[in-house]
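Structure below is structure36.txt: compact mmCIF, C-alpha atoms and all ligand atoms.
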```
# COMPACT_ATOMS: atom_id res chain seq x y z
CA MET A 221 8.67 -14.13 33.07
CA LYS A 222 6.58 -11.96 35.40
CA ILE A 223 3.81 -9.53 34.48
CA GLY A 224 3.56 -6.20 36.32
CA LEU A 225 -0.03 -5.00 36.66
CA PHE A 226 -0.08 -1.30 37.61
CA TYR A 227 -3.44 0.29 38.37
CA GLY A 228 -4.97 3.44 39.80
CA SER A 229 -8.36 3.14 41.51
CA SER A 230 -10.40 5.74 43.40
CA THR A 231 -13.28 3.59 44.64
CA CYS A 232 -11.74 0.12 44.29
CA TYR A 233 -13.39 -1.08 41.07
CA THR A 234 -10.18 -1.05 39.04
CA GLU A 235 -8.48 -2.74 41.97
CA MET A 236 -11.07 -5.52 42.10
CA ALA A 237 -10.66 -6.09 38.37
CA ALA A 238 -6.87 -6.21 38.86
CA GLU A 239 -7.29 -9.01 41.39
CA LYS A 240 -9.56 -10.95 39.03
CA ILE A 241 -7.10 -10.54 36.15
CA ARG A 242 -4.25 -11.73 38.37
CA ASP A 243 -6.27 -14.77 39.45
CA GLN A 244 -7.16 -15.60 35.83
CA LEU A 245 -3.61 -15.29 34.53
CA GLY A 246 -2.09 -17.03 37.55
CA ALA A 247 -1.20 -15.42 40.87
CA ASP A 248 2.43 -16.61 40.68
CA TRP A 249 2.88 -14.81 37.41
CA VAL A 250 1.36 -11.40 38.10
CA ASP A 251 2.52 -8.72 40.56
CA LEU A 252 -0.15 -6.13 41.46
CA HIS A 253 0.91 -2.55 42.10
CA ASN A 254 -1.40 0.27 43.13
CA ILE A 255 0.30 3.35 41.72
CA LYS A 256 -0.84 5.28 44.74
CA ASP A 257 1.77 3.28 46.70
CA THR A 258 4.26 2.09 44.08
CA PRO A 259 6.01 4.55 41.77
CA LEU A 260 5.19 3.95 38.13
CA SER A 261 8.93 3.88 37.45
CA GLU A 262 8.91 0.29 38.78
CA ALA A 263 7.22 -0.70 35.55
CA ALA A 264 10.75 -0.65 34.13
CA ASN A 265 11.39 -3.95 35.98
CA TYR A 266 8.92 -5.90 33.84
CA ASP A 267 8.96 -6.94 30.20
CA ILE A 268 5.20 -7.47 30.18
CA LEU A 269 2.85 -4.88 31.65
CA ILE A 270 -0.87 -4.47 32.22
CA PHE A 271 -2.15 -0.98 33.02
CA GLY A 272 -5.55 -0.45 34.67
CA ILE A 273 -7.19 2.98 34.69
CA SER A 274 -10.65 4.38 35.41
CA THR A 275 -12.20 7.54 33.93
CA TRP A 276 -13.51 10.31 36.17
CA ASP A 277 -15.21 13.69 35.91
CA TYR A 278 -16.33 13.70 32.28
CA GLY A 279 -13.38 12.20 30.48
CA GLU A 280 -10.59 12.85 32.97
CA LEU A 281 -7.79 10.59 34.21
CA GLN A 282 -8.10 8.74 37.53
CA GLU A 283 -6.29 10.88 40.10
CA ASP A 284 -3.30 8.61 40.81
CA TRP A 285 -2.63 8.22 37.09
CA GLU A 286 -2.88 11.98 36.75
CA ALA A 287 -0.31 12.40 39.54
CA ASN A 288 2.07 9.94 37.83
CA TRP A 289 1.37 11.04 34.26
CA SER A 290 4.67 12.79 33.56
CA ASP A 291 6.55 9.60 34.56
CA ILE A 292 5.18 7.81 31.50
CA ASP A 293 7.66 9.65 29.28
CA THR A 294 10.60 8.95 31.58
CA ILE A 295 10.23 5.15 31.68
CA ASP A 296 11.60 3.29 28.67
CA LEU A 297 8.55 1.39 27.42
CA SER A 298 9.89 0.78 23.94
CA GLY A 299 10.71 -2.92 24.31
CA LYS A 300 7.73 -3.76 26.51
CA ILE A 301 4.59 -5.73 25.78
CA ILE A 302 1.63 -3.78 27.18
CA ALA A 303 -2.10 -4.39 27.61
CA ILE A 304 -4.60 -1.90 29.05
CA TYR A 305 -8.01 -2.21 30.68
CA GLY A 306 -10.29 0.62 31.69
CA MET A 307 -13.27 1.04 34.01
CA GLY A 308 -16.17 3.33 33.19
CA ASP A 309 -19.91 3.89 33.23
CA GLN A 310 -21.54 3.89 29.80
CA GLU A 311 -24.98 5.02 31.02
CA GLY A 312 -23.92 7.80 33.39
CA TYR A 313 -21.00 9.06 31.28
CA GLY A 314 -21.71 7.72 27.81
CA GLU A 315 -20.08 10.64 26.00
CA TRP A 316 -16.76 9.94 27.71
CA PHE A 317 -16.92 6.16 28.09
CA VAL A 318 -13.52 4.86 29.34
CA ASP A 319 -11.83 7.92 27.80
CA ALA A 320 -8.86 7.62 30.17
CA MET A 321 -7.97 4.23 28.66
CA GLY A 322 -7.65 5.94 25.29
CA MET A 323 -5.58 8.75 26.79
CA LEU A 324 -3.21 6.24 28.40
CA HIS A 325 -2.89 4.37 25.12
CA ASP A 326 -2.07 7.62 23.31
CA ALA A 327 0.51 8.53 25.96
CA ILE A 328 2.47 5.27 25.60
CA LEU A 329 2.09 4.95 21.83
CA PRO A 330 5.01 7.27 20.88
CA GLN A 331 7.41 4.82 22.53
CA ALA A 332 6.10 2.08 20.24
CA PRO A 333 5.71 -0.76 22.73
CA THR A 334 4.06 -3.96 21.51
CA LEU A 335 0.40 -3.46 22.37
CA ILE A 336 -1.84 -6.45 22.98
CA GLY A 337 -5.38 -6.95 24.27
CA TYR A 338 -7.34 -4.83 21.80
CA TRP A 339 -11.00 -5.65 22.27
CA PRO A 340 -13.88 -5.69 19.75
CA ASN A 341 -16.57 -3.02 19.98
CA ASP A 342 -19.10 -5.77 19.44
CA GLY A 343 -22.34 -3.92 20.16
CA SER A 344 -22.58 -5.10 23.75
CA TYR A 345 -21.58 -1.62 24.96
CA GLN A 346 -24.02 1.30 24.51
CA PHE A 347 -22.38 4.72 24.60
CA GLN A 348 -22.17 7.92 22.59
CA GLY A 349 -18.43 8.50 22.44
CA SER A 350 -15.10 7.16 23.61
CA LYS A 351 -11.48 8.17 23.18
CA ALA A 352 -10.61 4.51 23.68
CA LEU A 353 -11.72 3.46 20.20
CA ILE A 354 -9.18 3.12 17.42
CA ALA A 355 -9.85 5.02 14.23
CA ASP A 356 -12.32 2.67 12.54
CA GLY A 357 -14.36 2.34 15.74
CA GLU A 358 -14.32 -1.45 15.57
CA TYR A 359 -11.88 -1.99 18.40
CA PHE A 360 -11.12 -0.56 21.80
CA VAL A 361 -7.46 -0.09 22.65
CA GLY A 362 -7.93 -2.40 25.62
CA LEU A 363 -10.66 -4.05 27.67
CA PRO A 364 -13.49 -1.74 28.77
CA LEU A 365 -15.27 -2.84 31.95
CA ASP A 366 -18.43 -1.27 33.34
CA ASP A 367 -19.14 -2.51 36.83
CA GLU A 368 -21.80 0.19 37.26
CA THR A 369 -24.24 -1.00 34.59
CA GLN A 370 -22.87 -4.31 33.26
CA TYR A 371 -21.38 -5.88 36.36
CA GLU A 372 -22.76 -9.27 35.36
CA LEU A 373 -20.70 -9.21 32.15
CA SER A 374 -17.37 -8.29 33.72
CA ASP A 375 -16.19 -11.72 34.88
CA GLY A 376 -16.83 -13.25 31.46
CA ARG A 377 -15.10 -10.36 29.70
CA ILE A 378 -12.10 -10.65 32.01
CA SER A 379 -11.68 -14.36 31.49
CA LYS A 380 -12.02 -14.03 27.71
CA TRP A 381 -9.55 -11.13 27.65
CA CYS A 382 -7.04 -13.03 29.78
CA ALA A 383 -7.26 -16.02 27.42
CA GLN A 384 -6.68 -13.60 24.52
CA LEU A 385 -3.63 -12.11 26.28
CA LEU A 386 -2.13 -15.55 26.87
CA SER A 387 -2.68 -16.50 23.26
CA GLU A 388 -1.15 -13.22 21.99
CA LEU A 389 1.84 -13.68 24.31
CA GLU A 390 2.33 -17.23 23.06
CA GLN A 391 2.18 -15.96 19.50
CA LEU A 392 4.80 -13.30 20.22
CA GLY A 393 7.03 -15.88 21.92
CA SER A 394 6.95 -18.14 18.90
CA ASP A 395 7.68 -15.42 16.34
C1 LIG B 1 -18.12 11.66 39.53
C2 LIG B 1 -17.88 10.52 38.58
C3 LIG B 1 -17.43 10.80 37.30
C4 LIG B 1 -17.23 9.75 36.36
N1 LIG B 1 -16.85 10.04 35.07
C5 LIG B 1 -16.77 9.04 34.16
C6 LIG B 1 -16.46 9.32 32.80
O1 LIG B 1 -16.25 10.45 32.39
N2 LIG B 1 -16.40 8.27 31.92
C7 LIG B 1 -16.63 6.97 32.31
O2 LIG B 1 -16.57 6.06 31.48
N3 LIG B 1 -16.90 6.67 33.62
C8 LIG B 1 -16.98 7.68 34.54
N4 LIG B 1 -17.27 7.38 35.85
C9 LIG B 1 -17.44 5.98 36.26
C10 LIG B 1 -16.19 5.41 36.91
O3 LIG B 1 -15.12 5.33 35.98
C11 LIG B 1 -16.51 4.01 37.43
O4 LIG B 1 -17.34 4.14 38.55
C12 LIG B 1 -15.29 3.18 37.76
O5 LIG B 1 -15.69 1.88 38.05
C13 LIG B 1 -14.50 3.74 38.93
O6 LIG B 1 -13.35 2.93 39.11
P1 LIG B 1 -12.36 3.12 40.35
O7 LIG B 1 -13.18 3.01 41.59
O8 LIG B 1 -11.38 2.01 40.25
O9 LIG B 1 -11.71 4.47 40.22
C14 LIG B 1 -17.47 8.41 36.78
C15 LIG B 1 -17.90 8.15 38.08
C16 LIG B 1 -18.12 9.19 38.97
C17 LIG B 1 -18.62 8.85 40.36
```
As structure tokens:
Amino acid sequence: MKIGLFYGSSTCYTEMAAEKIRDQLGADWVDLHNIKDTPLSEAANYDILIFGISTWDYGELQEDWEANWSDIDTIDLSGKIIAIYGMGDQEGYGEWFVDAMGMLHDAILPQAPTLIGYWPNDGSYQFQGSKALIADGEYFVGLPLDDETQYELSDGRISKWCAQLLSELEQLGSD
């Protein structure tokens, strides 16, 4: 079964992470789609999805996600398995750290897809606020990556997250 990885990226960071995630999970298994070029509606062709989004301009959506935002409600995501990752900058924009990842999570939640890839807020990130935290603040709704101030941690986080995704998928398959 193939995974569709759909991302929006203004200065290529989210795109570079998409390529690393694809390489970790297995290039034969993951199709990359930049939503600037591929309509988000093509997400309907996959049972398993990864969404990549960066945050811009003090807690705003990346521009290509913003342009496609209304499509989220028109695609049937209810039976899908979905994981999200988000790019941000915790030092420069610590009050809005990876907010767009939280906004994307909230936008797909009403359709009740199976969400995987929640990531512990383990103290290795330093920020003041984030819409990407779930209520108790102990987990992010997906993988936050900060290539601006923690570039050296990104590869390790990606490989750990991909291993977590594979394990969660295996678990779901065996249920
Ligand atoms: C003008 C500007 C505004 C930004 N605003 C935020 C923000 O509100 N929250 C955040 O976490 N990161 C913010 N960032 C950091 C970007 O999300 C980060 O650079 C990211 O890697 C960009 O990914 P992309 O090139 O794939 O779009 C901002 C960066 C710039 C240059």
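Residues in contact with ligand LIG 1 (chain B) (atom pairs separated by at most 6 Å; all atoms listed in the file) are Ser229, Ser230, Thr231, Cys232, Tyr233, Thr234, Glu235, Ser274, Thr275, Trp276, Asp277, Tyr278, Gly279, Met307, Gly308, Asp309, Gln310, Tyr313, Trp316, Phe317, Val318 and Asp367 of chain A.
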Using only C-alpha atoms, which residues sit within 10 Å of Pro340 of chain A once same-chain residues fewer than 3 positions away are excluded, as a list in words?
Gly337, Gly343, Ser344, Leu353, Gly357, Glu358, Tyr359, Phe360, Val361, Gly362, Leu363 and Pro364 of chain A
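With only the atoms specified (all atoms listed in the file) counting, those residues at most 12 Å away from (13.8, 4.5, 30.9) are Leu260, Ser261, Glu262, Ala263, Ala264, Asn265, Tyr266, Asp291, Ile292, Asp293, Thr294, Ile295, Asp296, Leu297, Ser298, Gly299, Lys300 and Gln331 of chain A.
When atom CA of Glu283 of chain A is paired with atom CA of Tyr227 of chain A, their separation reads 11.1 Å.
Closest approach to Thr258 of chain A among A:Phe226, A:Ile270, A:Leu281, A:Met321 is made by A:Phe226 (distances from all atoms listed in the file).
Take atom CA of Glu388 of chain A and atom CA of Asn254 of chain A: the distance between them is 25.1 Å.
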Neighbours of Asp243 of chain A within 12 Å (all atoms listed in the file; same-chain residues fewer than 4 positions away dropped), as a list in words?
Leu225, Met236, Ala237, Ala238, Glu239, Ala247, Asp248, Trp249, Val250, Asp251, Leu252, Asp375, Ile378, Ser379 and Cys382 of chain A
Slice of the block: segment 264-362 of chain A, C-alpha atoms, as a PDB file, in the first residue's frame:
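Final output, result-v3.pdb:
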```pdb
ATOM      1  CA  ALA A 264      -8.207  10.767  -1.960  1.00  0.00           C
ATOM      2  CA  ASN A 265      -6.146   8.164  -3.889  1.00  0.00           C
ATOM      3  CA  TYR A 266      -4.210   7.070  -0.794  1.00  0.00           C
ATOM      4  CA  ASP A 267      -5.246   5.200   2.333  1.00  0.00           C
ATOM      5  CA  ILE A 268      -2.211   6.465   4.236  1.00  0.00           C
ATOM      6  CA  LEU A 269      -1.233  10.128   4.147  1.00  0.00           C
ATOM      7  CA  ILE A 270       1.522  12.333   5.518  1.00  0.00           C
ATOM      8  CA  PHE A 271       0.961  16.094   5.470  1.00  0.00           C
ATOM      9  CA  GLY A 272       3.882  18.533   5.750  1.00  0.00           C
ATOM     10  CA  ILE A 273       3.280  22.200   6.562  1.00  0.00           C
ATOM     11  CA  SER A 274       5.382  25.169   7.671  1.00  0.00           C
ATOM     12  CA  THR A 275       4.214  28.159   9.728  1.00  0.00           C
ATOM     13  CA  TRP A 276       4.658  31.707   8.453  1.00  0.00           C
ATOM     14  CA  ASP A 277       4.013  35.283   9.526  1.00  0.00           C
ATOM     15  CA  TYR A 278       3.280  34.840  13.233  1.00  0.00           C
ATOM     16  CA  GLY A 279       1.148  31.742  13.303  1.00  0.00           C
ATOM     17  CA  GLU A 280      -0.188  31.677   9.749  1.00  0.00           C
ATOM     18  CA  LEU A 281      -0.510  28.809   7.273  1.00  0.00           C
ATOM     19  CA  GLN A 282       2.099  28.260   4.559  1.00  0.00           C
ATOM     20  CA  GLU A 283       0.740  29.931   1.423  1.00  0.00           C
ATOM     21  CA  ASP A 284       0.048  26.819  -0.689  1.00  0.00           C
ATOM     22  CA  TRP A 285      -1.822  25.200   2.192  1.00  0.00           C
ATOM     23  CA  GLU A 286      -3.776  28.412   2.613  1.00  0.00           C
ATOM     24  CA  ALA A 287      -4.687  28.333  -1.097  1.00  0.00           C
ATOM     25  CA  ASN A 288      -5.863  24.703  -0.809  1.00  0.00           C
ATOM     26  CA  TRP A 289      -7.454  25.015   2.637  1.00  0.00           C
ATOM     27  CA  SER A 290     -11.102  24.800   1.582  1.00  0.00           C
ATOM     28  CA  ASP A 291     -10.364  21.495  -0.234  1.00  0.00           C
ATOM     29  CA  ILE A 292      -9.720  19.794   3.102  1.00  0.00           C
ATOM     30  CA  ASP A 293     -13.453  19.625   3.780  1.00  0.00           C
ATOM     31  CA  THR A 294     -14.266  18.301   0.312  1.00  0.00           C
ATOM     32  CA  ILE A 295     -11.937  15.273   0.418  1.00  0.00           C
ATOM     33  CA  ASP A 296     -13.240  12.269   2.328  1.00  0.00           C
ATOM     34  CA  LEU A 297     -10.532  11.715   4.941  1.00  0.00           C
ATOM     35  CA  SER A 298     -12.675   9.659   7.283  1.00  0.00           C
ATOM     36  CA  GLY A 299     -11.163   6.251   6.546  1.00  0.00           C
ATOM     37  CA  LYS A 300      -7.592   7.477   6.145  1.00  0.00           C
ATOM     38  CA  ILE A 301      -4.558   7.058   8.355  1.00  0.00           C
ATOM     39  CA  ILE A 302      -2.818  10.438   8.624  1.00  0.00           C
ATOM     40  CA  ALA A 303       0.421  11.739  10.128  1.00  0.00           C
ATOM     41  CA  ILE A 304       1.553  15.373  10.131  1.00  0.00           C
ATOM     42  CA  TYR A 305       4.910  17.110  10.434  1.00  0.00           C
ATOM     43  CA  GLY A 306       5.516  20.823  10.704  1.00  0.00           C
ATOM     44  CA  MET A 307       8.473  23.150  10.198  1.00  0.00           C
ATOM     45  CA  GLY A 308       9.036  26.211  12.362  1.00  0.00           C
ATOM     46  CA  ASP A 309      11.506  28.405  14.203  1.00  0.00           C
ATOM     47  CA  GLN A 310      11.241  28.244  17.989  1.00  0.00           C
ATOM     48  CA  GLU A 311      13.680  31.100  18.664  1.00  0.00           C
ATOM     49  CA  GLY A 312      12.449  33.598  16.086  1.00  0.00           C
ATOM     50  CA  TYR A 313       8.741  32.771  16.441  1.00  0.00           C
ATOM     51  CA  GLY A 314       8.489  31.044  19.803  1.00  0.00           C
ATOM     52  CA  GLU A 315       4.981  32.293  20.547  1.00  0.00           C
ATOM     53  CA  TRP A 316       3.640  30.629  17.403  1.00  0.00           C
ATOM     54  CA  PHE A 317       5.914  27.598  17.151  1.00  0.00           C
ATOM     55  CA  VAL A 318       4.645  25.268  14.364  1.00  0.00           C
ATOM     56  CA  ASP A 319       1.130  26.687  14.851  1.00  0.00           C
ATOM     57  CA  ALA A 320       0.115  25.705  11.309  1.00  0.00           C
ATOM     58  CA  MET A 321       0.618  22.024  12.163  1.00  0.00           C
ATOM     59  CA  GLY A 322      -1.963  22.430  14.922  1.00  0.00           C
ATOM     60  CA  MET A 323      -4.326  24.260  12.577  1.00  0.00           C
ATOM     61  CA  LEU A 324      -4.054  21.479  10.003  1.00  0.00           C
ATOM     62  CA  HIS A 325      -4.692  18.868  12.677  1.00  0.00           C
ATOM     63  CA  ASP A 326      -7.784  20.772  13.827  1.00  0.00           C
ATOM     64  CA  ALA A 327      -9.028  21.071  10.240  1.00  0.00           C
ATOM     65  CA  ILE A 328      -8.898  17.315   9.566  1.00  0.00           C
ATOM     66  CA  LEU A 329     -10.054  16.209  13.016  1.00  0.00           C
ATOM     67  CA  PRO A 330     -13.831  16.591  12.374  1.00  0.00           C
ATOM     68  CA  GLN A 331     -13.596  13.848   9.742  1.00  0.00           C
ATOM     69  CA  ALA A 332     -12.153  11.517  12.382  1.00  0.00           C
ATOM     70  CA  PRO A 333      -9.311   9.950  10.418  1.00  0.00           C
ATOM     71  CA  THR A 334      -6.929   7.667  12.306  1.00  0.00           C
ATOM     72  CA  LEU A 335      -4.136   9.987  13.401  1.00  0.00           C
ATOM     73  CA  ILE A 336      -0.652   8.639  14.003  1.00  0.00           C
ATOM     74  CA  GLY A 337       2.762  10.178  14.660  1.00  0.00           C
ATOM     75  CA  TYR A 338       2.021  12.215  17.781  1.00  0.00           C
ATOM     76  CA  TRP A 339       5.343  13.323  19.210  1.00  0.00           C
ATOM     77  CA  PRO A 340       6.402  13.940  22.833  1.00  0.00           C
ATOM     78  CA  ASN A 341       7.059  17.496  23.992  1.00  0.00           C
ATOM     79  CA  ASP A 342      10.143  16.173  25.731  1.00  0.00           C
ATOM     80  CA  GLY A 343      11.848  19.420  26.736  1.00  0.00           C
ATOM     81  CA  SER A 344      14.184  19.481  23.747  1.00  0.00           C
ATOM     82  CA  TYR A 345      12.122  22.299  22.199  1.00  0.00           C
ATOM     83  CA  GLN A 346      12.180  25.771  23.819  1.00  0.00           C
ATOM     84  CA  PHE A 347       9.206  27.950  22.912  1.00  0.00           C
ATOM     85  CA  GLN A 348       6.494  30.035  24.547  1.00  0.00           C
ATOM     86  CA  GLY A 349       3.381  28.778  22.791  1.00  0.00           C
ATOM     87  CA  SER A 350       2.146  26.426  20.109  1.00  0.00           C
ATOM     88  CA  LYS A 351      -1.231  25.508  18.668  1.00  0.00           C
ATOM     89  CA  ALA A 352       0.289  22.140  17.797  1.00  0.00           C
ATOM     90  CA  LEU A 353       0.168  20.831  21.363  1.00  0.00           C
ATOM     91  CA  ILE A 354      -2.697  18.646  22.497  1.00  0.00           C
ATOM     92  CA  ALA A 355      -4.569  19.719  25.589  1.00  0.00           C
ATOM     93  CA  ASP A 356      -2.239  18.405  28.290  1.00  0.00           C
ATOM     94  CA  GLY A 357       0.805  19.904  26.547  1.00  0.00           C
ATOM     95  CA  GLU A 358       2.702  16.631  26.680  1.00  0.00           C
ATOM     96  CA  TYR A 359       2.403  15.801  23.005  1.00  0.00           C
ATOM     97  CA  PHE A 360       2.541  17.575  19.682  1.00  0.00           C
ATOM     98  CA  VAL A 361      -0.040  16.524  17.108  1.00  0.00           C
ATOM     99  CA  GLY A 362       2.800  15.571  14.771  1.00  0.00           C
TER     100      GLY A 362
END
```
